[in-house]
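Chemist: My structure file final21.tsv, TSV, C-alpha atoms, is below:
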```tsv
chain	number	residue	atom	x	y	z
U	1	SER	CA	71.29	-115.88	-10.01
U	2	ALA	CA	74.88	-117.02	-9.50
U	3	VAL	CA	76.43	-117.35	-6.06
U	4	ILE	CA	79.50	-115.13	-5.83
U	5	SER	CA	82.16	-115.22	-3.14
U	6	GLN	CA	85.11	-112.94	-2.51
U	7	LYS	CA	88.24	-113.44	-0.47
U	8	PRO	CA	89.29	-111.85	1.75
U	9	SER	CA	86.16	-110.23	3.11
U	10	ARG	CA	88.28	-107.52	4.69
U	11	ASP	CA	91.90	-106.68	5.29
U	12	ILE	CA	94.10	-104.04	6.82
U	13	CYS	CA	97.31	-103.48	4.89
U	14	GLN	CA	100.34	-101.27	5.15
U	15	ARG	CA	101.12	-98.70	2.52
U	16	GLY	CA	103.46	-99.86	-0.20
U	17	THR	CA	102.26	-103.45	-0.10
U	18	SER	CA	99.93	-105.27	-2.50
U	19	LEU	CA	96.75	-107.26	-1.94
U	20	THR	CA	95.13	-109.77	-4.27
U	21	ILE	CA	91.36	-110.17	-4.06
U	22	GLN	CA	89.70	-113.29	-5.39
U	23	CYS	CA	86.24	-113.60	-6.91
U	24	GLN	CA	84.72	-117.06	-7.35
U	25	VAL	CA	81.40	-117.83	-9.05
U	26	ASP	CA	79.50	-121.09	-8.68
U	27	SER	CA	78.69	-121.28	-12.40
U	28	GLN	CA	80.28	-120.20	-15.66
U	29	VAL	CA	79.61	-116.59	-16.54
U	30	THR	CA	80.46	-114.56	-19.59
U	31	MET	CA	81.22	-111.24	-18.03
U	32	MET	CA	83.07	-110.35	-14.84
U	33	PHE	CA	83.71	-106.85	-13.58
U	34	TRP	CA	85.59	-105.14	-10.79
U	35	TYR	CA	84.29	-102.03	-9.02
U	36	ARG	CA	85.64	-99.70	-6.37
U	37	GLN	CA	83.49	-97.98	-3.79
U	38	GLN	CA	85.35	-95.35	-1.82
U	39	PRO	CA	84.00	-94.52	1.66
U	40	GLY	CA	80.56	-92.98	1.45
U	41	GLN	CA	80.71	-92.87	-2.33
U	42	SER	CA	79.06	-94.57	-5.27
U	43	LEU	CA	80.49	-97.41	-7.30
U	44	THR	CA	83.05	-96.87	-10.03
U	45	LEU	CA	83.92	-99.49	-12.61
U	46	ILE	CA	87.62	-100.34	-12.60
U	47	ALA	CA	87.73	-102.85	-15.42
U	48	THR	CA	86.09	-105.70	-17.26
U	49	ALA	CA	87.89	-109.00	-16.69
U	50	ASN	CA	88.21	-110.84	-20.00
U	51	GLN	CA	88.83	-114.55	-20.05
U	52	GLY	CA	92.00	-115.37	-21.93
U	53	SER	CA	92.98	-111.80	-22.67
U	54	GLU	CA	93.95	-108.58	-20.98
U	55	ALA	CA	91.33	-106.77	-18.94
U	56	THR	CA	89.64	-103.67	-20.32
U	57	TYR	CA	90.29	-100.73	-18.01
U	58	GLU	CA	88.16	-97.66	-17.50
U	59	SER	CA	89.54	-94.17	-17.66
U	60	GLY	CA	91.63	-93.41	-14.60
U	61	PHE	CA	92.58	-97.00	-13.89
U	62	VAL	CA	95.75	-98.67	-15.16
U	63	ILE	CA	97.00	-102.21	-15.32
U	64	ASP	CA	100.16	-101.51	-13.33
U	65	LYS	CA	98.11	-100.39	-10.35
U	66	PHE	CA	95.21	-102.87	-10.69
U	67	PRO	CA	96.39	-106.00	-12.49
U	68	ILE	CA	93.53	-108.42	-13.18
U	69	SER	CA	93.55	-112.06	-14.10
U	70	ARG	CA	90.75	-114.26	-15.37
U	71	PRO	CA	92.00	-117.77	-16.03
U	72	ASN	CA	88.55	-119.30	-16.59
U	73	LEU	CA	84.83	-118.55	-16.65
U	74	THR	CA	84.31	-118.86	-12.90
U	75	PHE	CA	87.27	-117.07	-11.33
U	76	SER	CA	89.04	-113.71	-11.37
U	77	THR	CA	91.53	-111.82	-9.25
U	78	LEU	CA	92.16	-108.12	-8.73
U	79	THR	CA	95.45	-106.96	-7.26
U	80	VAL	CA	95.76	-103.55	-5.66
U	81	SER	CA	99.45	-102.71	-5.99
U	82	ASN	CA	101.71	-100.39	-4.06
U	83	MET	CA	98.84	-99.36	-1.85
U	84	SER	CA	98.30	-95.95	-0.29
U	85	PRO	CA	95.61	-94.80	2.15
U	86	GLU	CA	93.64	-93.47	-0.83
U	87	ASP	CA	93.11	-97.08	-1.92
U	88	SER	CA	91.01	-97.73	1.17
U	89	SER	CA	87.69	-98.80	-0.34
U	90	ILE	CA	85.27	-101.63	-0.81
U	91	TYR	CA	86.18	-103.65	-3.89
U	92	LEU	CA	83.34	-105.59	-5.49
U	93	CYS	CA	83.25	-108.06	-8.31
U	94	SER	CA	80.13	-108.54	-10.38
U	95	VAL	CA	79.03	-111.00	-13.06
U	96	ALA	CA	76.61	-111.08	-15.95
U	97	GLY	CA	75.61	-113.66	-18.51
U	98	THR	CA	75.72	-113.31	-22.29
U	99	GLY	CA	73.13	-110.78	-23.37
U	100	GLU	CA	72.06	-110.35	-19.77
U	101	SER	CA	72.07	-106.74	-18.69
U	102	VAL	CA	71.69	-107.47	-15.00
U	103	GLN	CA	74.89	-107.63	-12.97
U	104	TYR	CA	75.02	-109.60	-9.75
U	105	PHE	CA	77.50	-108.51	-7.15
U	106	GLY	CA	79.74	-110.31	-4.74
U	107	PRO	CA	79.82	-109.45	-1.01
U	108	GLY	CA	82.78	-107.10	-1.44
U	109	THR	CA	86.22	-106.80	0.12
U	110	ARG	CA	86.74	-104.00	2.63
U	111	LEU	CA	90.29	-102.76	2.35
U	112	THR	CA	91.90	-100.38	4.79
U	113	VAL	CA	95.39	-99.09	4.07
U	114	THR	CA	97.36	-97.61	6.94
X	1	ALA	CA	76.15	-87.84	-21.71
X	2	GLN	CA	74.92	-90.44	-19.26
X	3	LYS	CA	74.06	-89.33	-15.80
X	4	VAL	CA	72.05	-90.59	-12.85
X	5	THR	CA	70.97	-88.20	-10.12
X	6	GLN	CA	69.74	-89.24	-6.71
X	7	ALA	CA	69.16	-85.90	-5.06
X	8	GLN	CA	68.19	-87.33	-1.69
X	9	THR	CA	71.38	-88.07	0.21
X	10	GLU	CA	69.69	-89.40	3.32
X	11	ILE	CA	66.10	-90.02	4.36
X	12	SER	CA	64.83	-90.93	7.82
X	13	VAL	CA	61.36	-92.31	8.38
X	14	VAL	CA	59.52	-93.98	11.20
X	15	GLU	CA	58.61	-97.60	10.78
X	16	LYS	CA	55.38	-98.19	8.82
X	17	GLU	CA	55.67	-94.92	6.94
X	18	ASP	CA	55.78	-94.95	3.17
X	19	VAL	CA	58.89	-93.54	1.52
X	20	THR	CA	59.82	-92.69	-2.06
X	21	LEU	CA	63.37	-92.62	-3.35
X	22	ASP	CA	63.90	-90.44	-6.39
X	23	CYS	CA	66.03	-91.21	-9.43
X	24	VAL	CA	66.44	-88.96	-12.45
X	25	TYR	CA	68.54	-90.03	-15.41
X	26	GLU	CA	70.00	-88.53	-18.55
X	27	THR	CA	70.73	-90.41	-21.76
X	28	ARG	CA	70.67	-89.79	-25.49
X	29	ASP	CA	69.94	-93.40	-26.34
X	30	THR	CA	66.46	-94.67	-27.01
X	31	THR	CA	67.39	-98.12	-25.74
X	32	TYR	CA	68.59	-98.34	-22.17
X	33	TYR	CA	68.07	-100.14	-18.88
X	34	LEU	CA	67.42	-98.81	-15.42
X	35	PHE	CA	68.14	-100.64	-12.19
X	36	TRP	CA	67.73	-100.37	-8.45
X	37	TYR	CA	70.09	-102.04	-6.01
X	38	LYS	CA	70.04	-102.22	-2.23
X	39	GLN	CA	73.24	-102.11	-0.20
X	40	PRO	CA	72.67	-103.11	3.44
X	41	PRO	CA	75.36	-102.44	6.07
X	42	SER	CA	76.99	-105.75	5.18
X	43	GLY	CA	78.11	-104.14	1.91
X	44	GLU	CA	76.74	-106.53	-0.68
X	45	LEU	CA	74.69	-105.04	-3.51
X	46	VAL	CA	71.35	-106.75	-3.87
X	47	PHE	CA	69.57	-106.52	-7.23
X	48	LEU	CA	65.98	-105.29	-6.89
X	49	ILE	CA	64.67	-104.52	-10.37
X	50	ARG	CA	65.55	-103.90	-14.00
X	51	ARG	CA	63.39	-101.89	-16.38
X	52	ASN	CA	64.05	-101.43	-20.09
X	53	SER	CA	63.28	-98.19	-21.87
X	54	PHE	CA	60.41	-99.66	-23.85
X	55	ASP	CA	58.48	-100.83	-20.85
X	56	GLU	CA	56.90	-98.00	-18.91
X	57	GLN	CA	54.59	-100.23	-16.98
X	58	ASN	CA	54.88	-99.69	-13.27
X	59	GLU	CA	55.79	-102.68	-11.18
X	60	ILE	CA	54.86	-103.82	-7.71
X	61	SER	CA	56.63	-106.49	-5.71
X	62	GLY	CA	55.27	-106.87	-2.22
X	63	ARG	CA	55.94	-103.63	-0.37
X	64	TYR	CA	58.13	-102.32	-3.20
X	65	SER	CA	56.88	-100.44	-6.23
X	66	TRP	CA	58.57	-98.60	-9.06
X	67	ASN	CA	57.28	-95.71	-11.15
X	68	PHE	CA	59.02	-95.27	-14.53
X	69	GLN	CA	58.18	-92.09	-16.43
X	70	LYS	CA	60.09	-91.39	-19.63
X	71	SER	CA	58.49	-87.96	-19.95
X	72	THR	CA	60.32	-86.81	-16.83
X	73	SER	CA	63.28	-89.21	-17.11
X	74	SER	CA	62.53	-90.58	-13.69
X	75	PHE	CA	62.50	-94.04	-12.16
X	76	ASN	CA	61.30	-93.65	-8.59
X	77	PHE	CA	61.15	-96.35	-5.95
X	78	THR	CA	58.52	-96.49	-3.22
X	79	ILE	CA	58.59	-98.64	-0.11
X	80	THR	CA	55.21	-99.03	1.52
X	81	ALA	CA	54.92	-99.60	5.26
X	82	SER	CA	58.67	-99.37	5.76
X	83	GLN	CA	60.46	-101.71	8.16
X	84	VAL	CA	63.74	-101.45	10.04
X	85	VAL	CA	65.19	-104.10	7.73
X	86	ASP	CA	64.73	-101.69	4.83
X	87	SER	CA	67.49	-99.51	6.27
X	88	ALA	CA	70.23	-99.46	3.63
X	89	VAL	CA	71.77	-97.41	0.87
X	90	TYR	CA	69.79	-97.64	-2.34
X	91	PHE	CA	71.43	-97.10	-5.71
X	92	CYS	CA	69.80	-96.31	-9.02
X	93	ALA	CA	71.81	-97.20	-12.14
X	94	LEU	CA	71.62	-96.73	-15.91
X	95	SER	CA	73.00	-98.90	-18.70
X	96	GLU	CA	72.81	-97.99	-22.36
X	97	GLY	CA	72.75	-101.52	-23.69
X	98	THR	CA	76.38	-102.20	-22.87
X	99	TYR	CA	77.54	-103.79	-19.69
X	100	LYS	CA	78.72	-100.51	-18.25
X	101	TYR	CA	76.60	-99.19	-15.43
X	102	ILE	CA	76.40	-95.56	-14.41
X	103	PHE	CA	75.44	-95.44	-10.76
X	104	GLY	CA	73.81	-92.62	-8.89
X	105	THR	CA	75.35	-91.43	-5.66
X	106	GLY	CA	72.90	-93.41	-3.58
X	107	THR	CA	70.26	-92.58	-0.99
X	108	ARG	CA	70.76	-93.72	2.58
X	109	LEU	CA	67.45	-94.77	4.10
X	110	LYS	CA	67.10	-95.00	7.85
X	111	VAL	CA	63.96	-96.59	9.18
X	112	LEU	CA	63.49	-95.90	12.87
X	113	ALA	CA	61.61	-98.27	15.13
```
Starting from the file, give its structure as structure tokens.

Modeler:
Amino acid sequence: SAVISQKPSRDICQRGTSLTIQCQVDSQVTMMFWYRQQPGQSLTLIATANQGSEATYESGFVIDKFPISRPNLTFSTLTVSNMSPEDSSIYLCSVAGTGESVQYFGPGTRLTVT
Amino acid sequence: AQKVTQAQTEISVVEKEDVTLDCVYETRDTTYYLFWYKQPPSGELVFLIRRNSFDEQNEISGRYSWNFQKSTSSFNFTITASQVVDSAVYFCALSEGTYKYIFGTGTRLKVLA
């Protein structure tokens, strides 16, 4: 499976600011995804990061709040904009190959908004 | 509608005990995939197993085993002779052939020395 890294691993931010999270994969992958895991909760898919086009967002998530970039097949960023304490979560990226149903997850970014 | 239910919120066992984590799913599709992931305190999700809907054969990997029963829509996970390192949150997930996963709420397993 691919080796996935995320930066930063954790951060404490003030409300109203924005944070960009990076996801780097050691090999080219077809699919990249961003998830949110609120404290003590399960994982919720935010969006699918599409290379060369706009991300596909799930219901309840919008581009203005969670802009996503994917400039190539090994890298993606998720920005959490205008943060509030409710955005405090673990944000995880995951990857999958073409026709491969298994997703492999990065180590996550623990975000605390004060 | 898709749904994954993990009714056990938290389980505590003493080391060397066997423990079974339950997963019940709902889907209208005949083709789907089921998964188990482990999330240790570090936060990373570790892939454990994938099972497709056409393969009901049970699987064993070391101390881990999985029991897939379509008749009861269940995909249960058993850890034999549990160890402290097994302490984690375990998630069951369902995918209906797309890349979208539906995760259960997770079961927190505490293995006490």

Chemist: I'd like the neighbourhood of Phe91 in chain X as an NGL selection string, where a residue qualifies if any of its atoms comes within 9 Å (using all atoms listed in the file), though same-chain residues fewer than 5 positions away should be ignored.

Modeler: (:U and (42)) or (:X and (6 or 23 or 35-39 or 45 or 103-108))

Chemist: Give me, as a list of chain:residue names, the residues of chain U touching chain X, with the criterion being at most 8 Å (counting all atoms listed in the file).

Modeler: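 Residues of chain U within 8 Å of chain X, counting all atoms listed in the file: U:Gln41, U:Ser42, U:Leu43, U:Thr44, U:Leu45, U:Ser101, U:Val102, U:Gln103, U:Tyr104, U:Phe105, U:Gly106, U:Pro107, U:Gly108.
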
Chemist: Give me the residues near Gln2 in chain X as a ChimeraX atom specification, where near means some atom within 8 Å (using all atoms listed in the file) and where sequence neighbours in that chain fewer than 3 positions away do not count.

Modeler: /X:25-28,94,102

Chemist: Grab the CA of Arg15 in chain U to CA of Met83 in chain U distance for me, in Å with one decimal place.

Modeler: 5.0 Å

Chemist: Env of Thr79 in chain U: 8 Å cut, atoms = only C-alpha atoms, seq-sep filter 4 positions within chain, self excluded. Answer as a PyMOL selection string.

Modeler: chain U and resi 18-21+65-68

Chemist: Work out how far CA of Glu58 in chain U is from CA of Val113 in chain U, in Å to one decimal.

Modeler: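 Between these atoms lies a distance of 22.8 Å.
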
Chemist: Mind giving me the straight-line distance from CA of Asp22 in chain X to CA of Pro39 in chain U in Å, one decimal?

Modeler: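 Computing the Euclidean distance for CA of Asp22 in chain X and CA of Pro39 in chain U yields 22.0 Å.
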
Chemist: Any chance you could work out the axis-aligned box around range 82-92 of chain X, listed atoms only, 3 Å on each side, giving centre and edge lengths in Å to one decimal, as AutoDock Vina command-line options?

Modeler:
```
--center_x 65.2 --center_y -100.2 --center_z 0.5 --size_x 19.1 --size_y 13.8 --size_z 25.1
```

Chemist: Which one of X:Gln69, X:Val13, X:Phe54, X:Leu48 sits closest to Val84 in chain X if you count only C-alpha atoms?

Modeler: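 Result for the nearest residue to Val84 in chain X: X:Val13.
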
Chemist: Pick from U:Asn72, U:Thr48, U:Ser1, U:Thr56: nearest to Trp34 in chain U, with only C-alpha atoms counted?

Modeler: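 That would be U:Thr48, the residue with the smallest distance to Trp34 in chain U.
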
Chemist: Using all atoms listed in the file, which residue out of U:Leu111, U:Leu92, U:Cys23, U:Val29 lies closest to Ser69 in chain U?

Modeler: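 Once distances to Ser69 in chain U are computed over all atoms listed in the file, the minimum belongs to U:Cys23.
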
Chemist: From the set U:Met32, U:Cys13, U:Val3, U:Val25, which residue has the shortest atom-to-atom contact distance to Ala96 in chain U, counting all atoms listed in the file?

Modeler: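 Nearest to Ala96 in chain U: U:Met32.
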
Chemist: Which residue gives the smallest distance to Arg70 in chain U among U:Asn82, U:Thr30, U:Thr17, U:Ser88, with only C-alpha atoms counted?

Modeler: U:Thr30

Chemist: Show which residues sit within 7 Å of Ser89 in chain U, as a PDB file with C-alpha atoms, in the coordinates of the input. Count only C-alpha atoms, and ignore same-chain residues fewer than 5 positions away.

Modeler:
```pdb
ATOM      1  CA  ARG U  36      85.640 -99.700  -6.370  1.00  0.00           C
ATOM      2  CA  GLN U  37      83.490 -97.980  -3.790  1.00  0.00           C
ATOM      3  CA  GLN U  38      85.350 -95.350  -1.820  1.00  0.00           C
ATOM      4  CA  PRO U  39      84.000 -94.520   1.660  1.00  0.00           C
ATOM      5  CA  ARG U 110      86.740-104.000   2.630  1.00  0.00           C
ATOM      6  CA  LEU U 111      90.290-102.760   2.350  1.00  0.00           C
ATOM      7  CA  THR U 112      91.900-100.380   4.790  1.00  0.00           C
TER       8      THR U 112
END
```

Chemist: Which residues, written as an MDAnalysis selection string, have at least one atom at most 6 Å from range 72-79 of chain X, with only C-alpha atoms counted and residues fewer than 5 positions away on the same chain left out?

Modeler: chainID X and resid 18:25 63:67
